[in-house]
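Novice: Just so it is clear, I am handing over final.pdb, which has PDB, C-alpha atoms and all ligand atoms.
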ATOM      1  CA  MET A   1    -197.478  57.450  60.648  1.00  0.00           C
ATOM      2  CA  ASN A   2    -195.647  58.522  63.775  1.00  0.00           C
ATOM      3  CA  LYS A   3    -192.364  60.313  64.143  1.00  0.00           C
ATOM      4  CA  TYR A   4    -189.457  58.400  65.599  1.00  0.00           C
ATOM      5  CA  GLU A   5    -185.923  59.121  66.531  1.00  0.00           C
ATOM      6  CA  GLY A   6    -183.599  56.176  66.206  1.00  0.00           C
ATOM      7  CA  MET A   7    -180.018  55.728  67.173  1.00  0.00           C
ATOM      8  CA  PHE A   8    -178.114  52.741  65.934  1.00  0.00           C
ATOM      9  CA  LEU A   9    -174.738  51.404  66.945  1.00  0.00           C
ATOM     10  CA  LEU A  10    -172.932  49.614  64.145  1.00  0.00           C
ATOM     11  CA  ASP A  11    -170.177  47.048  64.337  1.00  0.00           C
ATOM     12  CA  ASN A  12    -166.953  48.555  62.981  1.00  0.00           C
ATOM     13  CA  SER A  13    -165.606  45.164  61.965  1.00  0.00           C
ATOM     14  CA  LYS A  14    -168.626  44.493  59.728  1.00  0.00           C
ATOM     15  CA  VAL A  15    -169.511  47.938  58.379  1.00  0.00           C
ATOM     16  CA  LYS A  16    -166.851  50.389  57.226  1.00  0.00           C
ATOM     17  CA  PRO A  17    -167.089  53.170  59.838  1.00  0.00           C
ATOM     18  CA  ASP A  18    -165.994  56.135  57.736  1.00  0.00           C
ATOM     19  CA  VAL A  19    -168.097  55.535  54.664  1.00  0.00           C
ATOM     20  CA  ALA A  20    -171.738  56.297  53.923  1.00  0.00           C
ATOM     21  CA  GLU A  21    -172.241  52.543  54.102  1.00  0.00           C
ATOM     22  CA  CYS A  22    -173.370  52.717  57.722  1.00  0.00           C
ATOM     23  CA  VAL A  23    -176.083  55.268  56.952  1.00  0.00           C
ATOM     24  CA  ALA A  24    -177.211  53.078  54.081  1.00  0.00           C
ATOM     25  CA  ALA A  25    -177.437  50.066  56.394  1.00  0.00           C
ATOM     26  CA  VAL A  26    -179.704  51.963  58.762  1.00  0.00           C
ATOM     27  CA  SER A  27    -181.920  53.472  56.080  1.00  0.00           C
ATOM     28  CA  GLU A  28    -182.309  50.062  54.481  1.00  0.00           C
ATOM     29  CA  ALA A  29    -183.541  48.564  57.751  1.00  0.00           C
ATOM     30  CA  ILE A  30    -186.142  51.319  58.102  1.00  0.00           C
ATOM     31  CA  THR A  31    -187.384  51.607  54.523  1.00  0.00           C
ATOM     32  CA  LYS A  32    -187.732  47.830  54.354  1.00  0.00           C
ATOM     33  CA  HIS A  33    -190.744  48.128  56.646  1.00  0.00           C
ATOM     34  CA  GLY A  34    -192.350  51.069  54.880  1.00  0.00           C
ATOM     35  CA  GLY A  35    -190.745  53.802  56.925  1.00  0.00           C
ATOM     36  CA  THR A  36    -189.667  57.083  55.379  1.00  0.00           C
ATOM     37  CA  ILE A  37    -186.408  58.672  56.435  1.00  0.00           C
ATOM     38  CA  VAL A  38    -186.473  62.377  57.134  1.00  0.00           C
ATOM     39  CA  ARG A  39    -182.815  62.655  57.975  1.00  0.00           C
ATOM     40  CA  ALA A  40    -180.141  60.084  58.701  1.00  0.00           C
ATOM     41  CA  GLU A  41    -176.517  60.863  59.397  1.00  0.00           C
ATOM     42  CA  ARG A  42    -173.434  59.351  60.858  1.00  0.00           C
ATOM     43  CA  TRP A  43    -173.476  60.601  64.445  1.00  0.00           C
ATOM     44  CA  ASP A  44    -170.028  59.664  65.664  1.00  0.00           C
ATOM     45  CA  GLU A  45    -167.355  56.998  65.715  1.00  0.00           C
ATOM     46  CA  ARG A  46    -166.121  56.573  69.251  1.00  0.00           C
ATOM     47  CA  LYS A  47    -164.878  54.337  72.020  1.00  0.00           C
ATOM     48  CA  LEU A  48    -167.710  52.499  73.730  1.00  0.00           C
ATOM     49  CA  ALA A  49    -168.276  52.830  77.460  1.00  0.00           C
ATOM     50  CA  TYR A  50    -168.093  49.040  77.684  1.00  0.00           C
ATOM     51  CA  GLU A  51    -167.264  46.240  75.304  1.00  0.00           C
ATOM     52  CA  ILE A  52    -170.088  44.798  73.243  1.00  0.00           C
ATOM     53  CA  ARG A  53    -169.439  41.529  71.439  1.00  0.00           C
ATOM     54  CA  LYS A  54    -165.720  42.103  71.980  1.00  0.00           C
ATOM     55  CA  GLN A  55    -165.859  45.424  70.129  1.00  0.00           C
ATOM     56  CA  LYS A  56    -164.253  48.410  71.845  1.00  0.00           C
ATOM     57  CA  ARG A  57    -165.260  50.998  69.270  1.00  0.00           C
ATOM     58  CA  GLY A  58    -168.427  51.540  67.276  1.00  0.00           C
ATOM     59  CA  THR A  59    -170.142  53.867  64.837  1.00  0.00           C
ATOM     60  CA  TYR A  60    -173.335  55.641  65.804  1.00  0.00           C
ATOM     61  CA  VAL A  61    -175.963  56.628  63.263  1.00  0.00           C
ATOM     62  CA  LEU A  62    -178.802  58.955  64.185  1.00  0.00           C
ATOM     63  CA  ALA A  63    -181.987  58.859  62.136  1.00  0.00           C
ATOM     64  CA  HIS A  64    -185.225  60.787  62.176  1.00  0.00           C
ATOM     65  CA  PHE A  65    -187.916  58.799  60.443  1.00  0.00           C
ATOM     66  CA  GLU A  66    -191.632  58.341  60.078  1.00  0.00           C
ATOM     67  CA  ALA A  67    -193.129  54.901  60.333  1.00  0.00           C
ATOM     68  CA  ASP A  68    -196.347  53.081  61.009  1.00  0.00           C
ATOM     69  CA  PRO A  69    -196.603  52.319  64.748  1.00  0.00           C
ATOM     70  CA  THR A  70    -197.371  48.677  64.009  1.00  0.00           C
ATOM     71  CA  LYS A  71    -194.156  48.325  61.996  1.00  0.00           C
ATOM     72  CA  VAL A  72    -191.790  49.729  64.607  1.00  0.00           C
ATOM     73  CA  ALA A  73    -191.629  46.472  66.521  1.00  0.00           C
ATOM     74  CA  ALA A  74    -190.624  44.764  63.273  1.00  0.00           C
ATOM     75  CA  ILE A  75    -187.882  47.329  62.668  1.00  0.00           C
ATOM     76  CA  ARG A  76    -186.545  46.836  66.193  1.00  0.00           C
ATOM     77  CA  ASN A  77    -186.676  43.081  65.866  1.00  0.00           C
ATOM     78  CA  ASP A  78    -184.956  43.156  62.476  1.00  0.00           C
ATOM     79  CA  VAL A  79    -182.148  45.329  63.784  1.00  0.00           C
ATOM     80  CA  ASN A  80    -181.672  43.136  66.843  1.00  0.00           C
ATOM     81  CA  LEU A  81    -181.244  40.081  64.646  1.00  0.00           C
ATOM     82  CA  ASN A  82    -178.889  41.827  62.243  1.00  0.00           C
ATOM     83  CA  GLU A  83    -175.258  41.134  63.121  1.00  0.00           C
ATOM     84  CA  ASN A  84    -174.082  44.501  61.790  1.00  0.00           C
ATOM     85  CA  PHE A  85    -175.890  46.282  64.617  1.00  0.00           C
ATOM     86  CA  LEU A  86    -174.591  46.182  68.168  1.00  0.00           C
ATOM     87  CA  ARG A  87    -177.332  48.287  69.764  1.00  0.00           C
ATOM     88  CA  SER A  88    -180.366  50.272  68.737  1.00  0.00           C
ATOM     89  CA  MET A  89    -182.697  52.731  70.381  1.00  0.00           C
ATOM     90  CA  VAL A  90    -185.936  53.845  68.777  1.00  0.00           C
ATOM     91  CA  ILE A  91    -187.871  56.515  70.639  1.00  0.00           C
ATOM     92  CA  ARG A  92    -191.139  58.078  69.642  1.00  0.00           C
ATOM     93  CA  CYS A  93    -190.980  61.851  69.262  1.00  0.00           C
ATOM     94  CA  GLY A  94    -193.878  64.100  70.098  1.00  0.00           C
ATOM     95  CA  GLU A  95    -195.479  66.223  67.404  1.00  0.00           C
ATOM     96  CA  ASP A  96    -192.154  67.473  66.091  1.00  0.00           C
ATOM     97  CA  PHE A  97    -188.702  66.077  65.681  1.00  0.00           C
ATOM     98  CA  PRO A  98    -186.129  67.483  68.098  1.00  0.00           C
ATOM     99  CA  THR A  99    -183.290  69.429  66.453  1.00  0.00           C
ATOM    100  CA  PHE A 100    -180.878  67.133  64.693  1.00  0.00           C
ATOM    101  CA  LEU A 101    -177.558  67.383  66.534  1.00  0.00           C
ATOM    102  CA  THR A 102    -174.512  65.287  65.782  1.00  0.00           C
ATOM    103  CA  ALA A 103    -171.792  64.586  68.333  1.00  0.00           C
ATOM    104  CA  ALA A 104    -169.739  67.396  66.769  1.00  0.00           C
ATOM    105  CA  ASP A 105    -172.602  69.822  67.445  1.00  0.00           C
ATOM    106  CA  TYR A 106    -172.670  68.797  71.099  1.00  0.00           C
ATOM    107  CA  GLU A 107    -168.922  69.259  71.238  1.00  0.00           C
ATOM    108  CA  ALA A 108    -169.281  72.779  69.818  1.00  0.00           C
ATOM    109  CA  MET A 109    -171.889  73.586  72.452  1.00  0.00           C
ATOM    110  CA  ARG A 110    -169.388  73.544  75.314  1.00  0.00           C
ATOM    111  CA  PRO A 111    -166.480  75.884  74.613  1.00  0.00           C
ATOM    112  CA  ARG A 112    -166.444  77.292  78.172  1.00  0.00           C
ATOM    113  CA  ARG A 113    -164.239  74.687  79.770  1.00  0.00           C
ATOM    114  CA  GLU A 114    -161.424  75.264  77.293  1.00  0.00           C
ATOM    115  CA  GLU A 115    -161.451  79.045  77.751  1.00  0.00           C
ATOM    116  CA  GLU A 116    -161.196  79.003  81.531  1.00  0.00           C
ATOM    117  CA  PRO A 117    -157.921  77.112  81.939  1.00  0.00           C
ATOM    118  CA  VAL A 118    -156.280  79.450  79.398  1.00  0.00           C
ATOM    119  CA  ALA A 119    -157.226  82.438  81.582  1.00  0.00           C
ATOM    120  CA  ASP A 120    -155.775  80.654  84.628  1.00  0.00           C
ATOM    121  CA  VAL A 121    -152.478  80.066  82.904  1.00  0.00           C
ATOM    122  CA  VAL A 122    -152.218  83.751  81.994  1.00  0.00           C
ATOM    123  CA  LYS A 123    -152.928  84.761  85.593  1.00  0.00           C
ATOM    124  CA  THR A 124    -150.294  82.482  87.094  1.00  0.00           C
ATOM    125  CA  ASP A 125    -147.756  83.767  84.597  1.00  0.00           C
ATOM    126  CA  VAL A 126    -148.352  87.323  85.732  1.00  0.00           C
ATOM    127  CA  ILE A 127    -147.983  86.344  89.387  1.00  0.00           C
ATOM    128  CA  GLU A 128    -144.664  84.635  88.709  1.00  0.00           C
ATOM    129  CA  GLU A 129    -143.356  87.737  86.994  1.00  0.00           C
ATOM    130  CA  GLU A 130    -144.320  89.944  89.927  1.00  0.00           C
ATOM    131  CA  VAL A 131    -142.533  87.685  92.380  1.00  0.00           C
TER     132      VAL A 131
ATOM    133  CA  MET B   1    -180.934  91.958 129.053  1.00  0.00           C
ATOM    134  CA  ALA B   2    -180.613  88.248 129.447  1.00  0.00           C
ATOM    135  CA  PRO B   3    -184.100  87.236 128.230  1.00  0.00           C
ATOM    136  CA  ASN B   4    -183.789  89.667 125.333  1.00  0.00           C
ATOM    137  CA  GLY B   5    -180.474  88.180 124.302  1.00  0.00           C
ATOM    138  CA  SER B   6    -181.752  84.611 124.362  1.00  0.00           C
ATOM    139  CA  ARG B   7    -184.776  85.639 122.312  1.00  0.00           C
ATOM    140  CA  ALA B   8    -182.536  87.177 119.693  1.00  0.00           C
ATOM    141  CA  LYS B   9    -180.493  83.992 119.670  1.00  0.00           C
ATOM    142  CA  ALA B  10    -183.609  81.909 119.117  1.00  0.00           C
ATOM    143  CA  LYS B  11    -184.593  84.136 116.197  1.00  0.00           C
ATOM    144  CA  ASP B  12    -181.176  83.722 114.709  1.00  0.00           C
ATOM    145  CA  LYS B  13    -181.414  79.969 114.997  1.00  0.00           C
ATOM    146  CA  LYS B  14    -184.777  80.011 113.251  1.00  0.00           C
ATOM    147  CA  LYS B  15    -183.347  82.054 110.383  1.00  0.00           C
ATOM    148  CA  ARG B  16    -180.428  79.707 109.981  1.00  0.00           C
ATOM    149  CA  LEU B  17    -182.704  76.692 110.000  1.00  0.00           C
ATOM    150  CA  LYS B  18    -184.867  78.293 107.321  1.00  0.00           C
ATOM    151  CA  LYS B  19    -181.815  78.887 105.173  1.00  0.00           C
ATOM    152  CA  LEU B  20    -180.775  75.280 105.532  1.00  0.00           C
ATOM    153  CA  THR B  21    -184.160  73.813 104.713  1.00  0.00           C
ATOM    154  CA  GLU B  22    -184.894  76.081 101.764  1.00  0.00           C
ATOM    155  CA  ARG B  23    -184.225  74.428  98.445  1.00  0.00           C
ATOM    156  CA  THR B  24    -182.239  76.292  95.849  1.00  0.00           C
ATOM    157  CA  PRO B  25    -184.175  76.455  92.580  1.00  0.00           C
ATOM    158  CA  CYS B  26    -183.609  73.524  90.272  1.00  0.00           C
ATOM    159  CA  ARG B  27    -181.071  74.429  87.587  1.00  0.00           C
ATOM    160  CA  TRP B  28    -183.322  73.279  84.750  1.00  0.00           C
ATOM    161  CA  CYS B  29    -186.396  75.304  85.668  1.00  0.00           C
ATOM    162  CA  LYS B  30    -184.528  78.248  87.194  1.00  0.00           C
ATOM    163  CA  GLY B  31    -185.805  81.592  85.927  1.00  0.00           C
ATOM    164  CA  LEU B  32    -188.389  80.001  83.646  1.00  0.00           C
ATOM    165  CA  LYS B  33    -192.118  80.361  84.107  1.00  0.00           C
ATOM    166  CA  THR B  34    -192.965  76.885  82.888  1.00  0.00           C
ATOM    167  CA  CYS B  35    -190.728  73.944  83.624  1.00  0.00           C
ATOM    168  CA  GLU B  36    -191.343  72.428  80.185  1.00  0.00           C
ATOM    169  CA  GLU B  37    -188.811  74.556  78.318  1.00  0.00           C
ATOM    170  CA  GLY B  38    -186.171  73.793  80.881  1.00  0.00           C
ATOM    171  CA  LEU B  39    -186.920  70.097  81.020  1.00  0.00           C
ATOM    172  CA  ALA B  40    -186.891  69.874  77.218  1.00  0.00           C
ATOM    173  CA  ARG B  41    -183.159  70.577  77.374  1.00  0.00           C
ATOM    174  CA  ILE B  42    -182.477  67.207  78.999  1.00  0.00           C
ATOM    175  CA  ASP B  43    -181.086  65.114  76.164  1.00  0.00           C
ATOM    176  CA  TRP B  44    -179.897  61.532  76.489  1.00  0.00           C
ATOM    177  CA  LYS B  45    -177.479  61.961  73.561  1.00  0.00           C
ATOM    178  CA  ASN B  46    -175.692  64.896  75.164  1.00  0.00           C
ATOM    179  CA  VAL B  47    -173.083  63.005  77.132  1.00  0.00           C
ATOM    180  CA  ASP B  48    -171.261  66.096  78.405  1.00  0.00           C
ATOM    181  CA  GLN B  49    -174.466  67.397  79.883  1.00  0.00           C
ATOM    182  CA  LEU B  50    -175.259  64.091  81.611  1.00  0.00           C
ATOM    183  CA  GLN B  51    -171.713  63.745  82.889  1.00  0.00           C
ATOM    184  CA  ARG B  52    -172.308  66.741  85.135  1.00  0.00           C
ATOM    185  CA  PHE B  53    -174.950  64.784  87.045  1.00  0.00           C
ATOM    186  CA  VAL B  54    -173.053  61.579  87.662  1.00  0.00           C
ATOM    187  CA  THR B  55    -169.998  60.657  89.709  1.00  0.00           C
ATOM    188  CA  PRO B  56    -166.715  59.983  87.870  1.00  0.00           C
ATOM    189  CA  GLN B  57    -167.655  56.336  88.212  1.00  0.00           C
ATOM    190  CA  GLY B  58    -170.974  56.926  86.439  1.00  0.00           C
ATOM    191  CA  LYS B  59    -173.407  56.757  89.345  1.00  0.00           C
ATOM    192  CA  ILE B  60    -176.270  59.249  89.218  1.00  0.00           C
ATOM    193  CA  PHE B  61    -176.115  61.976  91.865  1.00  0.00           C
ATOM    194  CA  SER B  62    -178.899  62.154  94.411  1.00  0.00           C
ATOM    195  CA  ARG B  63    -181.378  64.999  94.181  1.00  0.00           C
ATOM    196  CA  LYS B  64    -179.851  66.436  97.318  1.00  0.00           C
ATOM    197  CA  ARG B  65    -176.474  66.607  95.613  1.00  0.00           C
ATOM    198  CA  SER B  66    -177.571  67.835  92.171  1.00  0.00           C
ATOM    199  CA  GLY B  67    -180.415  70.100  93.330  1.00  0.00           C
ATOM    200  CA  ASN B  68    -182.770  68.734  90.686  1.00  0.00           C
ATOM    201  CA  CYS B  69    -186.513  68.925  91.195  1.00  0.00           C
ATOM    202  CA  SER B  70    -188.410  65.669  91.126  1.00  0.00           C
ATOM    203  CA  ARG B  71    -189.440  65.967  87.470  1.00  0.00           C
ATOM    204  CA  SER B  72    -186.003  66.858  86.183  1.00  0.00           C
ATOM    205  CA  GLN B  73    -184.411  64.096  88.240  1.00  0.00           C
ATOM    206  CA  SER B  74    -186.837  61.586  86.830  1.00  0.00           C
ATOM    207  CA  LEU B  75    -186.146  62.696  83.243  1.00  0.00           C
ATOM    208  CA  LEU B  76    -182.417  62.788  83.859  1.00  0.00           C
ATOM    209  CA  LYS B  77    -182.484  59.301  85.305  1.00  0.00           C
ATOM    210  CA  ALA B  78    -184.195  58.023  82.181  1.00  0.00           C
ATOM    211  CA  ALA B  79    -181.704  59.909  79.989  1.00  0.00           C
ATOM    212  CA  VAL B  80    -178.702  58.383  81.747  1.00  0.00           C
ATOM    213  CA  LYS B  81    -180.211  54.940  81.404  1.00  0.00           C
ATOM    214  CA  TYR B  82    -180.770  55.416  77.670  1.00  0.00           C
ATOM    215  CA  ALA B  83    -177.168  56.555  77.341  1.00  0.00           C
ATOM    216  CA  ARG B  84    -176.008  53.484  79.234  1.00  0.00           C
ATOM    217  CA  GLN B  85    -177.928  51.177  76.959  1.00  0.00           C
ATOM    218  CA  MET B  86    -176.242  52.722  73.938  1.00  0.00           C
ATOM    219  CA  ALA B  87    -172.777  52.396  75.544  1.00  0.00           C
ATOM    220  CA  LEU B  88    -172.401  56.178  75.675  1.00  0.00           C
ATOM    221  CA  MET B  89    -172.048  55.953  79.452  1.00  0.00           C
ATOM    222  CA  PRO B  90    -170.853  53.126  81.665  1.00  0.00           C
ATOM    223  CA  TYR B  91    -172.987  50.785  83.726  1.00  0.00           C
ATOM    224  CA  VAL B  92    -171.915  50.757  87.309  1.00  0.00           C
ATOM    225  CA  GLY B  93    -172.949  48.593  90.196  1.00  0.00           C
TER     226      GLY B  93
HETATM  227 ZN    ZN C   1    -186.840  71.681  87.978  1.00  0.00          ZN
END
Represent the structure of the file as structure tokens.
Ligand SMILES: [Zn+2]
Specialist:
Amino acid sequence: MNKYEGMFLLDNSKVKPDVAECVAAVSEAITKHGGTIVRAERWDERKLAYEIRKQKRGTYVLAHFEADPTKVAAIRNDVNLNENFLRSMVIRCGEDFPTFLTAADYEAMRPRREEEPVADVVKTDVIEEEV
Amino acid sequence: MAPNGSRAKAKDKKKRLKKLTERTPCRWCKGLKTCEEGLARIDWKNVDQLQRFVTPQGKIFSRKRSGNCSRSQSLLKAAVKYARQMALMPYVG
């Protein structure tokens, strides 16, 4: 059993994006081939960088799972044939899983940019008053 | 006077050249003893992080532009390409 990190892009028109349905779809694809899910969560629902099968938006699901190395090809193949999935990416992790971060966590990691413009606005206000 | 002055000028030129050719430390490994901890921060799912190393169009910056060392550039390149495959970032010609 190896540790894998998988990200799956689901078709919004076939799987309801805001329900646990999308996580279920992913976990079903993995457990079908004897994999065990450590953690699977809806990552984000967002606009795609480019259209895939005429879809402009999609739902991402991130999953950490353990699976037999011989079965991973089958999982990939299964997902590629499944019409509910637009894209998938399964990457082998080293000895440990990386920390599980959703898109909201990444968003929370960069508060700096929002603080700076506020400071600028305050400064310009002061200058205007002085003039 | 004259030979002394020219010698000083030559020294100055050498210094300036050294400054130009010296590489600034790579921003991933900067201040760390081993590069591994720095390079482990490169994450293909962190779009904001990757966006800092590509043009507004989505082309990856050269090492000269981004100041990455060869290992971090290679990992970053792979990360951007993963992100492109998952439609997190655009493909660009
Ligand atoms: Zn470096």
Novice: Would you mind listing, as JSON, numbers by chain, all residues of chain B that have at least one atom within 6 Å of chain A, where all atoms listed in the file are what counts?
Specialist: {"B": [87, 88, 89, 90]}
Novice: Can you write out the residues you just picked, keeping C-alpha atoms, as an mmCIF file, keeping the file's coordinate frame?
Specialist:
data_model
loop_
_atom_site.group_PDB
_atom_site.id
_atom_site.type_symbol
_atom_site.label_atom_id
_atom_site.label_comp_id
_atom_site.auth_asym_id
_atom_site.auth_seq_id
_atom_site.Cartn_x
_atom_site.Cartn_y
_atom_site.Cartn_z
ATOM 1 C CA ALA B 87 -172.777 52.396 75.544
ATOM 2 C CA LEU B 88 -172.401 56.178 75.675
ATOM 3 C CA MET B 89 -172.048 55.953 79.452
ATOM 4 C CA PRO B 90 -170.853 53.126 81.665
#
Novice: Do you know which residues are within 10 Å of ligand ZN 1 (chain C) using all atoms listed in the file? Can you write them as a ChimeraX atom specification?
Specialist: /B:25-30,32,34-36,38-39,67-73
Novice: Just so the selection is clear, what residues does the PyMOL selection byres (((chain A and resi 12-15) around 9) and not hetatm) cover here, as a PyMOL selection string?
Specialist: chain A and resi 10-11+16-19+21-22+25+45+55+57-59+83-85
Novice: Quick one: pull the distance between atom CA of B:Tyr91 and atom CA of B:Pro56, Å, one decimal.
Specialist: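 So the two atoms, atom CA of B:Tyr91 and atom CA of B:Pro56, lie 11.9 Å apart.
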Novice: So how far away is atom CA of B:Ala79 from atom CA of A:Gly35, in Å?
Specialist: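 So the answer is 25.5 Å.
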Novice: Looking at A:His64, A:His33, A:Arg39, A:Arg53, which one is nearest to A:Arg76, with distances taken over all atoms listed in the file?
Specialist: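 Closest to A:Arg76 of all the choices is A:His33.
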Novice: Mind giving me the straight-line distance from atom CA of A:Lys3 to atom CA of A:Ile91 in Å, one decimal?
Specialist: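 About the pair atom CA of A:Lys3 and atom CA of A:Ile91: they are 8.8 Å apart.
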